[in-house]
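For reference, the structure discussed in these notes is given below.
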Amino acid sequence: MLDCEISFDLERIDFRATSDLLMASYWGAGRSDEFHRRAFVNSCCAAAYIDGKQVGFGRAITDRTVFAYLADIIVWPENRGQGIGQRLVQALIDHPELGTVSHWSLSTGDAHGIYEKLGFKASTDGRYMRLDRTPQ
């Protein structure tokens, strides 16, 4: 796995590059910069850096006690396939403020293998439900 630095410093994140990449993703289409500003401030964010240059981002939406939802895990296209996404997820799971979180969840359309390596399993127990709605 590639050696990269993981930082939780929100001020250090290259907002422009991160927001643009998320808006270009299949799950972030239709979002705005304002959406991302609000989402980042209200989440535990992590960014990956190689030689000081940001190459990845991810966040956990969490109460910092029981529940966390992984979102917006993304690696810059030229840096994919090097284990950076896995490092970001592991760093969020291991974050000192999230040590008591026992319920981690996420949604993915294409990265199941990454999450399975970290112990995630598809939910088939019939307990999890979801509500999709059009935002106001």
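In the structure tokens, the first chain shown is A, the next is B, and so on; residue numbers restart at 1 for each chain, and ligands run from 1 in the order shown.
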Near Val66 in chain A, counting only C-alpha atoms, which residues have an atom at most 10 Å away, once you skip same-chain residues fewer than 4 positions from it, shown as a list in words?
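So the residues in contact are Thr62, Leu98, Gly99, Thr100, Val101, Ser102, His103 and Trp104 of chain A.
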Using CA of Phe35 in chain A and CA of Asp20 in chain A as the two end points, give the distance in Å to one decimal.
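Between CA of Phe35 in chain A and CA of Asp20 in chain A the gap works out to 11.9 Å.
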Which of chain A end up as helix (DSSP H, G or I) when DSSP is run on this backbone - answer as a PyMOL selection string?
chain A and resi 10-12+15-24+33-41+77-79+84-94+96-98+112-117
Just the strand (DSSP E or B) stuff from chain A, please, per backbone DSSP, written as a PyMOL selection string.
chain A and resi 5-7+44-50+53-62+67-75+103-105
CA of Leu92 in chain A and CA of Phe120 in chain A, how far apart in Å?
13.9 Å
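Note that CA of Phe57 in chain A and CA of Leu70 in chain A are 11.2 Å apart.
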Nearest to Ala46 in chain A: which of A:Ser19, A:Ser105, A:Ser7, A:Gln82 is it, counting only C-alpha atoms?
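Distance minimum relative to Ala46 in chain A lands on A:Ser7.
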Contacts of Phe15 in chain A at 10 Å (only C-alpha atoms; same-chain gap of 6+ positions) as an NGL selection string:
:A and (21 or 33 or 36-37 or 40)
Restricting the calculation to only C-alpha atoms, which member of A:Cys4, A:Glu34, A:Arg16, A:Ile84 is positioned closest to Gly52 in chain A?
A:Cys4
